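> Dropping in coords31.cif, with mmCIF, C-alpha atoms, pLDDT in the B column; chains and numbers go by the auth columns.
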data_upload
#
loop_
_atom_site.group_PDB
_atom_site.id
_atom_site.type_symbol
_atom_site.label_atom_id
_atom_site.label_comp_id
_atom_site.label_asym_id
_atom_site.label_seq_id
_atom_site.Cartn_x
_atom_site.Cartn_y
_atom_site.Cartn_z
_atom_site.B_iso_or_equiv
_atom_site.auth_seq_id
_atom_site.auth_asym_id
ATOM 1 C CA MET A 1 200.052 19.719 153.848 37.00 1 N
ATOM 2 C CA ALA A 2 198.877 21.590 150.744 38.00 2 N
ATOM 3 C CA ILE A 3 199.386 19.982 147.351 40.00 3 N
ATOM 4 C CA GLU A 4 201.337 22.281 145.071 44.00 4 N
ATOM 5 C CA TYR A 5 199.763 22.680 141.646 48.00 5 N
ATOM 6 C CA LYS A 6 201.970 23.571 138.725 69.00 6 N
ATOM 7 C CA THR A 7 200.929 24.544 135.230 84.00 7 N
ATOM 8 C CA ARG A 8 202.454 22.892 132.196 87.00 8 N
ATOM 9 C CA THR A 9 204.426 26.074 131.565 90.00 9 N
ATOM 10 C CA GLN A 10 205.894 26.023 135.086 87.00 10 N
ATOM 11 C CA LEU A 11 206.903 22.391 134.697 90.00 11 N
ATOM 12 C CA VAL A 12 208.543 23.075 131.337 92.00 12 N
ATOM 13 C CA VAL A 13 210.382 26.087 132.814 90.00 13 N
ATOM 14 C CA GLU A 14 211.774 23.966 135.649 85.00 14 N
ATOM 15 C CA ILE A 15 212.853 21.131 133.349 90.00 15 N
ATOM 16 C CA LEU A 16 214.582 23.417 130.838 91.00 16 N
ATOM 17 C CA ARG A 17 216.155 25.581 133.552 84.00 17 N
ATOM 18 C CA GLU A 18 217.626 22.484 135.176 79.00 18 N
ATOM 19 C CA LYS A 19 218.983 21.232 131.858 84.00 19 N
ATOM 20 C CA ILE A 20 220.639 24.602 131.122 82.00 20 N
ATOM 21 C CA LEU A 21 222.111 25.144 134.571 73.00 21 N
ATOM 22 C CA SER A 22 223.348 21.563 134.826 69.00 22 N
ATOM 23 C CA GLY A 23 225.017 21.812 131.413 72.00 23 N
ATOM 24 C CA GLU A 24 222.872 19.136 129.771 81.00 24 N
ATOM 25 C CA ILE A 25 221.822 21.891 127.375 85.00 25 N
ATOM 26 C CA VAL A 26 225.055 23.677 126.421 81.00 26 N
ATOM 27 C CA ALA A 27 225.580 27.348 125.563 80.00 27 N
ATOM 28 C CA GLY A 28 224.499 28.146 122.024 85.00 28 N
ATOM 29 C CA GLN A 29 222.434 24.984 121.647 89.00 29 N
ATOM 30 C CA PRO A 30 219.256 25.655 119.626 92.00 30 N
ATOM 31 C CA LEU A 31 216.009 25.165 121.514 94.00 31 N
ATOM 32 C CA ARG A 32 213.522 24.017 118.884 93.00 32 N
ATOM 33 C CA GLN A 33 209.975 24.436 120.106 93.00 33 N
ATOM 34 C CA ALA A 34 208.573 21.511 118.122 93.00 34 N
ATOM 35 C CA ALA A 35 211.271 19.110 119.302 94.00 35 N
ATOM 36 C CA LEU A 36 210.938 20.216 122.918 94.00 36 N
ATOM 37 C CA ALA A 37 207.153 19.919 122.798 94.00 37 N
ATOM 38 C CA GLU A 38 207.467 16.368 121.496 93.00 38 N
ATOM 39 C CA GLU A 39 210.148 15.445 124.039 93.00 39 N
ATOM 40 C CA LEU A 40 208.143 16.811 126.966 93.00 40 N
ATOM 41 C CA ASN A 41 204.778 15.616 125.646 92.00 41 N
ATOM 42 C CA VAL A 42 203.163 19.061 125.678 93.00 42 N
ATOM 43 C CA SER A 43 201.919 21.476 123.039 92.00 43 N
ATOM 44 C CA ARG A 44 204.106 24.256 121.677 92.00 44 N
ATOM 45 C CA ILE A 45 202.281 26.916 123.707 93.00 45 N
ATOM 46 C CA PRO A 46 203.750 26.072 127.149 92.00 46 N
ATOM 47 C CA VAL A 47 207.161 25.585 125.519 94.00 47 N
ATOM 48 C CA ARG A 48 206.978 29.040 123.954 93.00 48 N
ATOM 49 C CA GLU A 49 205.849 30.584 127.261 94.00 49 N
ATOM 50 C CA ALA A 50 208.615 28.761 129.145 93.00 50 N
ATOM 51 C CA LEU A 51 211.289 29.971 126.729 94.00 51 N
ATOM 52 C CA LEU A 52 210.074 33.557 127.140 92.00 52 N
ATOM 53 C CA GLN A 53 210.317 33.244 130.922 87.00 53 N
ATOM 54 C CA LEU A 54 213.804 31.771 130.644 88.00 54 N
ATOM 55 C CA GLU A 55 214.734 34.649 128.348 87.00 55 N
ATOM 56 C CA ALA A 56 213.696 37.040 131.145 78.00 56 N
ATOM 57 C CA GLU A 57 215.968 35.068 133.487 75.00 57 N
ATOM 58 C CA GLY A 58 218.890 35.451 131.069 77.00 58 N
ATOM 59 C CA LEU A 59 219.179 31.726 130.345 83.00 59 N
ATOM 60 C CA VAL A 60 217.733 31.831 126.827 90.00 60 N
ATOM 61 C CA SER A 61 218.159 34.305 123.985 89.00 61 N
ATOM 62 C CA PHE A 62 216.076 34.822 120.846 90.00 62 N
ATOM 63 C CA GLU A 63 217.639 35.823 117.532 87.00 63 N
ATOM 64 C CA PRO A 64 215.800 36.764 114.327 85.00 64 N
ATOM 65 C CA HIS A 65 215.552 33.852 111.872 79.00 65 N
ATOM 66 C CA LYS A 66 217.347 31.552 114.334 83.00 66 N
ATOM 67 C CA GLY A 67 214.928 31.195 117.227 88.00 67 N
ATOM 68 C CA ALA A 68 215.886 30.426 120.809 92.00 68 N
ATOM 69 C CA SER A 69 219.181 29.126 122.155 92.00 69 N
ATOM 70 C CA ALA A 70 220.815 28.690 125.552 90.00 70 N
ATOM 71 C CA THR A 71 223.008 31.592 126.666 85.00 71 N
ATOM 72 C CA GLU A 72 226.533 31.256 128.019 80.00 72 N
ATOM 73 C CA LEU A 73 227.239 31.374 131.752 77.00 73 N
ATOM 74 C CA ASN A 74 230.660 32.985 131.959 81.00 74 N
ATOM 75 C CA LEU A 75 233.107 32.797 134.890 84.00 75 N
ATOM 76 C CA ASP A 76 234.946 35.977 133.897 85.00 76 N
ATOM 77 C CA GLN A 77 231.656 37.847 133.688 86.00 77 N
ATOM 78 C CA VAL A 78 230.761 36.704 137.217 91.00 78 N
ATOM 79 C CA ASP A 79 234.024 38.148 138.584 92.00 79 N
ATOM 80 C CA GLU A 80 233.597 41.500 136.881 92.00 80 N
ATOM 81 C CA LEU A 81 229.893 41.923 137.640 93.00 81 N
ATOM 82 C CA PHE A 82 230.039 41.024 141.319 95.00 82 N
ATOM 83 C CA GLU A 83 233.256 42.921 142.040 96.00 83 N
ATOM 84 C CA LEU A 84 231.795 46.038 140.412 96.00 84 N
ATOM 85 C CA ARG A 85 228.628 45.560 142.449 96.00 85 N
ATOM 86 C CA ALA A 86 230.571 45.265 145.706 97.00 86 N
ATOM 87 C CA MET A 87 232.581 48.397 144.989 97.00 87 N
ATOM 88 C CA ILE A 88 229.768 50.636 143.733 97.00 88 N
ATOM 89 C CA GLU A 89 227.020 49.409 146.052 97.00 89 N
ATOM 90 C CA GLY A 90 229.351 49.686 149.050 97.00 90 N
ATOM 91 C CA ASP A 91 229.997 53.367 148.266 97.00 91 N
ATOM 92 C CA LEU A 92 226.309 53.968 147.599 97.00 92 N
ATOM 93 C CA LEU A 93 225.278 52.421 150.920 98.00 93 N
ATOM 94 C CA ALA A 94 227.869 54.467 152.838 98.00 94 N
ATOM 95 C CA ALA A 95 226.529 57.675 151.287 97.00 95 N
ATOM 96 C CA SER A 96 222.936 56.625 151.915 97.00 96 N
ATOM 97 C CA LEU A 97 223.299 55.843 155.613 97.00 97 N
ATOM 98 C CA VAL A 98 224.320 59.434 156.375 96.00 98 N
ATOM 99 C CA ASP A 99 220.825 60.706 155.483 95.00 99 N
ATOM 100 C CA ILE A 100 218.586 57.631 155.203 96.00 100 N
ATOM 101 C CA THR A 101 215.114 58.138 156.693 95.00 101 N
ATOM 102 C CA ASP A 102 213.381 56.004 159.289 95.00 102 N
ATOM 103 C CA GLU A 103 210.587 55.554 156.756 96.00 103 N
ATOM 104 C CA ALA A 104 212.986 53.990 154.231 96.00 104 N
ATOM 105 C CA LEU A 105 214.324 51.619 156.866 97.00 105 N
ATOM 106 C CA ALA A 106 210.777 50.685 157.897 97.00 106 N
ATOM 107 C CA GLN A 107 209.980 49.938 154.246 97.00 107 N
ATOM 108 C CA ALA A 108 213.136 47.822 153.975 96.00 108 N
ATOM 109 C CA THR A 109 211.990 45.877 157.047 96.00 109 N
ATOM 110 C CA GLU A 110 208.610 45.189 155.421 96.00 110 N
ATOM 111 C CA ILE A 111 210.259 44.053 152.184 95.00 111 N
ATOM 112 C CA LEU A 112 212.595 41.773 154.119 92.00 112 N
ATOM 113 C CA ALA A 113 209.574 40.066 155.709 91.00 113 N
ATOM 114 C CA LYS A 114 208.119 39.522 152.218 89.00 114 N
ATOM 115 C CA LEU A 115 211.484 38.158 151.048 85.00 115 N
ATOM 116 C CA ASP A 116 211.526 35.597 153.839 79.00 116 N
ATOM 117 C CA SER A 117 207.980 34.458 153.047 80.00 117 N
ATOM 118 C CA ALA A 118 208.723 34.268 149.306 73.00 118 N
ATOM 119 C CA LEU A 119 211.591 31.794 149.645 66.00 119 N
ATOM 120 C CA GLY A 120 210.553 28.219 149.027 60.00 120 N
ATOM 121 C CA LYS A 121 207.277 29.158 147.367 63.00 121 N
ATOM 122 C CA GLU A 122 206.191 28.708 143.762 56.00 122 N
ATOM 123 C CA ASN A 123 208.214 30.903 141.385 59.00 123 N
ATOM 124 C CA ALA A 124 210.419 31.880 144.344 63.00 124 N
ATOM 125 C CA ALA A 125 213.403 32.976 142.277 64.00 125 N
ATOM 126 C CA ASN A 126 211.372 35.450 140.203 65.00 126 N
ATOM 127 C CA THR A 127 209.570 36.953 143.201 75.00 127 N
ATOM 128 C CA TRP A 128 212.712 37.000 145.312 77.00 128 N
ATOM 129 C CA SER A 129 214.737 38.755 142.620 76.00 129 N
ATOM 130 C CA GLU A 130 212.250 41.636 142.427 80.00 130 N
ATOM 131 C CA LEU A 131 211.958 41.967 146.214 87.00 131 N
ATOM 132 C CA ASN A 132 215.734 41.731 146.629 86.00 132 N
ATOM 133 C CA SER A 133 216.228 44.705 144.298 87.00 133 N
ATOM 134 C CA ALA A 134 213.549 46.668 146.155 92.00 134 N
ATOM 135 C CA PHE A 135 215.188 45.879 149.521 94.00 135 N
ATOM 136 C CA HIS A 136 218.618 47.072 148.420 94.00 136 N
ATOM 137 C CA ASN A 137 217.183 50.167 146.710 93.00 137 N
ATOM 138 C CA CYS A 138 215.515 51.133 150.000 95.00 138 N
ATOM 139 C CA LEU A 139 218.869 50.945 151.752 97.00 139 N
ATOM 140 C CA TYR A 140 220.470 53.080 149.025 97.00 140 N
ATOM 141 C CA SER A 141 217.666 55.672 148.905 95.00 141 N
ATOM 142 C CA GLY A 142 219.357 58.150 151.249 96.00 142 N
ATOM 143 C CA ALA A 143 222.298 58.690 148.899 96.00 143 N
ATOM 144 C CA ASN A 144 220.404 60.823 146.368 91.00 144 N
ATOM 145 C CA ARG A 145 222.715 59.631 143.592 94.00 145 N
ATOM 146 C CA PRO A 146 220.396 58.799 140.685 92.00 146 N
ATOM 147 C CA GLN A 147 223.123 58.080 138.131 94.00 147 N
ATOM 148 C CA THR A 148 224.905 55.683 140.484 95.00 148 N
ATOM 149 C CA THR A 149 221.566 54.030 141.291 91.00 149 N
ATOM 150 C CA ASP A 150 220.857 53.590 137.588 90.00 150 N
ATOM 151 C CA LEU A 151 224.287 51.998 137.126 91.00 151 N
ATOM 152 C CA VAL A 152 223.657 49.625 140.049 92.00 152 N
ATOM 153 C CA ASN A 153 220.328 48.600 138.516 86.00 153 N
ATOM 154 C CA ILE A 154 222.027 47.856 135.182 83.00 154 N
ATOM 155 C CA LEU A 155 224.683 45.734 136.893 88.00 155 N
ATOM 156 C CA ASN A 156 222.018 43.874 138.850 85.00 156 N
ATOM 157 C CA LYS A 157 220.020 43.208 135.705 79.00 157 N
ATOM 158 C CA ASN A 158 223.122 41.719 134.073 80.00 158 N
ATOM 159 C CA ALA A 159 223.868 39.678 137.204 84.00 159 N
ATOM 160 C CA ASP A 160 220.267 38.543 137.658 79.00 160 N
ATOM 161 C CA ARG A 161 220.616 35.132 135.995 77.00 161 N
ATOM 162 C CA TYR A 162 223.587 34.354 138.224 83.00 162 N
ATOM 163 C CA ILE A 163 221.697 35.540 141.297 80.00 163 N
ATOM 164 C CA ARG A 164 218.757 33.281 140.376 76.00 164 N
ATOM 165 C CA MET A 165 221.155 30.402 139.825 75.00 165 N
ATOM 166 C CA HIS A 166 222.691 31.073 143.229 76.00 166 N
ATOM 167 C CA LEU A 167 219.251 30.938 144.833 73.00 167 N
ATOM 168 C CA LEU A 168 218.138 27.779 143.080 69.00 168 N
ATOM 169 C CA TRP A 169 221.339 25.765 142.875 66.00 169 N
ATOM 170 C CA ALA A 170 224.262 27.090 144.911 59.00 170 N
ATOM 171 C CA GLY A 171 222.883 27.379 148.441 61.00 171 N
ATOM 172 C CA GLY A 172 221.841 31.021 148.239 62.00 172 N
ATOM 173 C CA ILE A 173 218.399 30.552 149.755 63.00 173 N
ATOM 174 C CA SER A 174 219.686 29.296 153.106 64.00 174 N
ATOM 175 C CA LYS A 175 222.096 32.234 153.477 72.00 175 N
ATOM 176 C CA ALA A 176 220.110 35.121 152.050 74.00 176 N
ATOM 177 C CA GLY A 177 217.751 35.658 154.987 78.00 177 N
ATOM 178 C CA PRO A 178 220.311 35.851 157.838 87.00 178 N
ATOM 179 C CA GLU A 179 222.715 38.011 155.816 90.00 179 N
ATOM 180 C CA HIS A 180 219.984 40.488 154.883 92.00 180 N
ATOM 181 C CA ALA A 181 218.795 40.660 158.494 94.00 181 N
ATOM 182 C CA GLU A 182 222.312 41.417 159.728 96.00 182 N
ATOM 183 C CA LEU A 183 222.810 44.050 157.036 97.00 183 N
ATOM 184 C CA LEU A 184 219.523 45.739 157.944 97.00 184 N
ATOM 185 C CA ALA A 185 220.445 45.755 161.652 97.00 185 N
ATOM 186 C CA PHE A 186 223.711 47.582 160.923 98.00 186 N
ATOM 187 C CA CYS A 187 221.820 50.082 158.761 97.00 187 N
ATOM 188 C CA GLN A 188 219.230 50.696 161.472 97.00 188 N
ATOM 189 C CA SER A 189 221.968 51.435 164.021 96.00 189 N
ATOM 190 C CA ARG A 190 223.804 53.584 161.434 96.00 190 N
ATOM 191 C CA GLU A 191 226.990 51.529 161.804 97.00 191 N
ATOM 192 C CA ILE A 192 228.239 52.517 158.377 97.00 192 N
ATOM 193 C CA ASP A 193 231.557 50.637 158.303 97.00 193 N
ATOM 194 C CA LYS A 194 229.953 47.403 159.517 98.00 194 N
ATOM 195 C CA ALA A 195 227.027 47.747 157.099 98.00 195 N
ATOM 196 C CA VAL A 196 229.340 48.304 154.122 98.00 196 N
ATOM 197 C CA ALA A 197 231.570 45.388 155.135 98.00 197 N
ATOM 198 C CA LYS A 198 228.532 43.088 155.472 97.00 198 N
ATOM 199 C CA LEU A 199 227.156 44.193 152.098 97.00 199 N
ATOM 200 C CA LYS A 200 230.466 43.548 150.326 97.00 200 N
ATOM 201 C CA GLN A 201 230.829 40.160 152.034 95.00 201 N
ATOM 202 C CA HIS A 202 227.261 39.296 151.001 93.00 202 N
ATOM 203 C CA ILE A 203 227.939 40.141 147.343 94.00 203 N
ATOM 204 C CA LEU A 204 231.396 38.579 147.094 95.00 204 N
ATOM 205 C CA SER A 205 230.448 35.346 148.861 91.00 205 N
ATOM 206 C CA SER A 206 227.660 34.955 146.300 89.00 206 N
ATOM 207 C CA ARG A 207 230.276 35.435 143.571 92.00 207 N
ATOM 208 C CA ASP A 208 232.492 32.718 145.056 91.00 208 N
ATOM 209 C CA GLU A 209 229.646 30.207 145.383 88.00 209 N
ATOM 210 C CA ILE A 210 228.414 30.879 141.843 88.00 210 N
ATOM 211 C CA LYS A 211 231.929 30.430 140.440 89.00 211 N
ATOM 212 C CA ALA A 212 232.390 27.186 142.376 88.00 212 N
ATOM 213 C CA PHE A 213 229.098 25.902 140.970 83.00 213 N
ATOM 214 C CA LEU A 214 230.039 26.813 137.387 83.00 214 N
ATOM 215 C CA GLN A 215 233.516 25.280 137.746 85.00 215 N
ATOM 216 C CA GLN A 216 232.020 22.068 139.084 82.00 216 N
ATOM 217 C CA ARG A 217 229.598 22.004 136.180 74.00 217 N
ATOM 218 C CA GLU A 218 232.436 22.487 133.684 74.00 218 N
ATOM 219 C CA GLN A 219 234.404 19.613 135.262 76.00 219 N
ATOM 220 C CA LEU A 220 231.395 17.305 135.076 72.00 220 N
ATOM 221 C CA ASN A 221 230.890 18.115 131.406 65.00 221 N
ATOM 222 C CA SER A 222 234.567 18.044 130.349 64.00 222 N
#
Let me see whether you can do it: turn the structure in this file into structure tokens.


Amino acid sequence: MAIEYKTRTQLVVEILREKILSGEIVAGQPLRQAALAEELNVSRIPVREALLQLEAEGLVSFEPHKGASATELNLDQVDELFELRAMIEGDLLAASLVDITDEALAQATEILAKLDSALGKENAANTWSELNSAFHNCLYSGANRPQTTDLVNILNKNADRYIRMHLLWAGGISKAGPEHAELLAFCQSREIDKAVAKLKQHILSSRDEIKAFLQQREQLNS
């Protein structure tokens, strides 16, 4: 069994991410680099690098003259984002499957294999998020609707921190692989209604699990 090596930055990322997602660090709380470096017994460099990574994940924000603070995870935002995704991505997939190429489906199959191998590995959430977007974009490529695709990418960027949270904390990893495989199978057989229904179920079940996690966190911290 290989021994997993983690850099100081990776360790700081994991510690701070856990504190934010668990509610130990609350929304709006300042994240002072000097204090964190002292608390975690590291220099400021890995703390700074960790905060930048968490900013990319949507868990930390930087403001001029104020520095870094934890961002808010909002239940209402989860509802709106994921319901919009289900509606728009469902329509986009239906349009795509009319003209999708075998080459696009073959590429989606290759990406799905990479997704499966990425889960459980170092930095899995970051790698998985990028591959997940690529997988879905392959399935939508037959639609030839660039403005709708751009809108979907914006929604997914806004939902990304919740998607990462779902992967890391709310059971998303165990469900992602089988659901993607079933979705791809319906796309390959051009069963449009079944593919759209599976996609919407995939998105909305993620919404429900994320909301349940956030509600549980609120109850624990109330």

> Distance CA of Ile203 (chain N)-CA of Asp116 (chain N), one decimal place?

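Taking CA of Ile203 (chain N) as the start and CA of Asp116 (chain N) as the end point, the length is 18.2 Å.
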
> Report as a ChimeraX atom specification all protein, DNA and RNA residues lying within 10 Å of Ile100 (chain N), evaluated on only C-alpha atoms, omitting residues in the same chain fewer than 3 positions from it.

/N:93,95-97,103-105,138-144,187-188,190

> My list of candidates is N:Gln53, N:Gln29, N:Gln219, N:Ser133. Which is closest to Ile154 (chain N) when distances are computed with all atoms listed in the file?

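With all atoms listed in the file as the atom set, the closest residue is N:Ser133.
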
> For a test of reading the model, state the distance in Å between CA of Arg161 (chain N) and CA of Glu14 (chain N), rounded to one decimal.

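Between CA of Arg161 (chain N) and CA of Glu14 (chain N) the gap is 14.2 Å.
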
> Provide the CA of Asn158 (chain N) to CA of Leu81 (chain N) distance in Å, to one decimal place.

7.7 Å

> Contacts of Leu11 (chain N) at 10 Å or less, counting all atoms listed in the file, minus same-chain residues fewer than 4 places along, as a ChimeraX atom specification?

/N:5-7,15-17,40,46-47,50

> Residues within 10 Å of region 174-181 of chain N, please, as number ranges by chain. Count only C-alpha atoms; anything in the same chain fewer than 2 positions from it doesn't count.

N: 109, 112-113, 115-116, 119, 132, 135-136, 167, 170-172, 183-187, 198-199, 201-202, 206

> Which residues match the PyMOL selection byres ((chain N and resi 30) around 8) in the file above, as a ChimeraX atom specification?

/N:28-29,31-32,67-70

> Please complete region 136-146 of chain N with all heavy atoms and give it back as a short mmCIF file (atom, residue, chain, number, x, y, z; two decimals), in the coordinates of the input.


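Just written: result.cif:
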data_model
loop_
_atom_site.label_atom_id
_atom_site.label_comp_id
_atom_site.auth_asym_id
_atom_site.auth_seq_id
_atom_site.Cartn_x
_atom_site.Cartn_y
_atom_site.Cartn_z
N HIS N 136 217.34 46.36 148.53
CA HIS N 136 218.62 47.07 148.42
C HIS N 136 218.40 48.53 148.02
O HIS N 136 219.07 49.43 148.54
CB HIS N 136 219.54 46.37 147.43
CG HIS N 136 220.19 45.14 147.99
ND1 HIS N 136 221.38 45.19 148.67
CD2 HIS N 136 219.80 43.84 148.00
CE1 HIS N 136 221.72 43.96 149.07
NE2 HIS N 136 220.77 43.13 148.67
N ASN N 137 217.45 48.79 147.12
CA ASN N 137 217.18 50.17 146.71
C ASN N 137 216.68 51.02 147.87
O ASN N 137 216.98 52.22 147.93
CB ASN N 137 216.19 50.19 145.55
CG ASN N 137 216.83 49.79 144.23
OD1 ASN N 137 218.05 49.93 144.04
ND2 ASN N 137 216.03 49.28 143.30
N CYS N 138 215.92 50.41 148.79
CA CYS N 138 215.52 51.13 150.00
C CYS N 138 216.73 51.56 150.81
O CYS N 138 216.81 52.69 151.30
CB CYS N 138 214.61 50.25 150.87
SG CYS N 138 212.87 50.29 150.44
N LEU N 139 217.67 50.64 150.96
CA LEU N 139 218.87 50.94 151.75
C LEU N 139 219.75 52.00 151.08
O LEU N 139 220.50 52.71 151.75
CB LEU N 139 219.69 49.67 151.99
CG LEU N 139 219.00 48.56 152.77
CD1 LEU N 139 219.96 47.39 152.99
CD2 LEU N 139 218.45 49.05 154.10
N TYR N 140 219.65 52.12 149.75
CA TYR N 140 220.47 53.08 149.02
C TYR N 140 219.75 54.43 148.82
O TYR N 140 220.34 55.36 148.28
CB TYR N 140 220.85 52.53 147.65
CG TYR N 140 221.55 51.18 147.66
CD1 TYR N 140 221.45 50.31 146.57
CD2 TYR N 140 222.30 50.76 148.75
CE1 TYR N 140 222.07 49.07 146.57
CE2 TYR N 140 222.92 49.52 148.76
CZ TYR N 140 222.80 48.68 147.67
OH TYR N 140 223.42 47.43 147.68
N SER N 141 218.51 54.52 149.26
CA SER N 141 217.67 55.67 148.90
C SER N 141 218.15 56.98 149.51
O SER N 141 217.84 58.06 148.99
CB SER N 141 216.22 55.42 149.32
OG SER N 141 216.12 55.25 150.73
N GLY N 142 218.90 56.92 150.62
CA GLY N 142 219.36 58.15 151.25
C GLY N 142 220.52 58.82 150.53
O GLY N 142 220.88 59.96 150.86
N ALA N 143 221.10 58.14 149.56
CA ALA N 143 222.30 58.69 148.90
C ALA N 143 221.98 59.83 147.95
O ALA N 143 222.81 60.71 147.72
CB ALA N 143 223.03 57.58 148.14
N ASN N 144 220.78 59.81 147.36
CA ASN N 144 220.40 60.82 146.37
C ASN N 144 221.43 60.90 145.24
O ASN N 144 221.92 61.98 144.88
CB ASN N 144 220.22 62.19 147.03
CG ASN N 144 219.53 63.20 146.11
OD1 ASN N 144 218.74 62.81 145.23
ND2 ASN N 144 219.81 64.48 146.29
N ARG N 145 221.77 59.72 144.72
CA ARG N 145 222.72 59.63 143.59
C ARG N 145 222.04 58.85 142.46
O ARG N 145 222.28 57.65 142.30
CB ARG N 145 224.01 58.94 144.03
CG ARG N 145 224.81 59.71 145.06
CD ARG N 145 226.11 59.02 145.38
NE ARG N 145 226.93 59.77 146.33
CZ ARG N 145 228.12 59.38 146.77
NH1 ARG N 145 228.64 58.22 146.35
NH2 ARG N 145 228.79 60.11 147.63
N PRO N 146 221.20 59.51 141.69
CA PRO N 146 220.40 58.80 140.68
C PRO N 146 221.21 58.10 139.60
O PRO N 146 220.85 57.02 139.16
CB PRO N 146 219.50 59.90 140.09
CG PRO N 146 220.18 61.19 140.44
CD PRO N 146 220.88 60.94 141.73
#
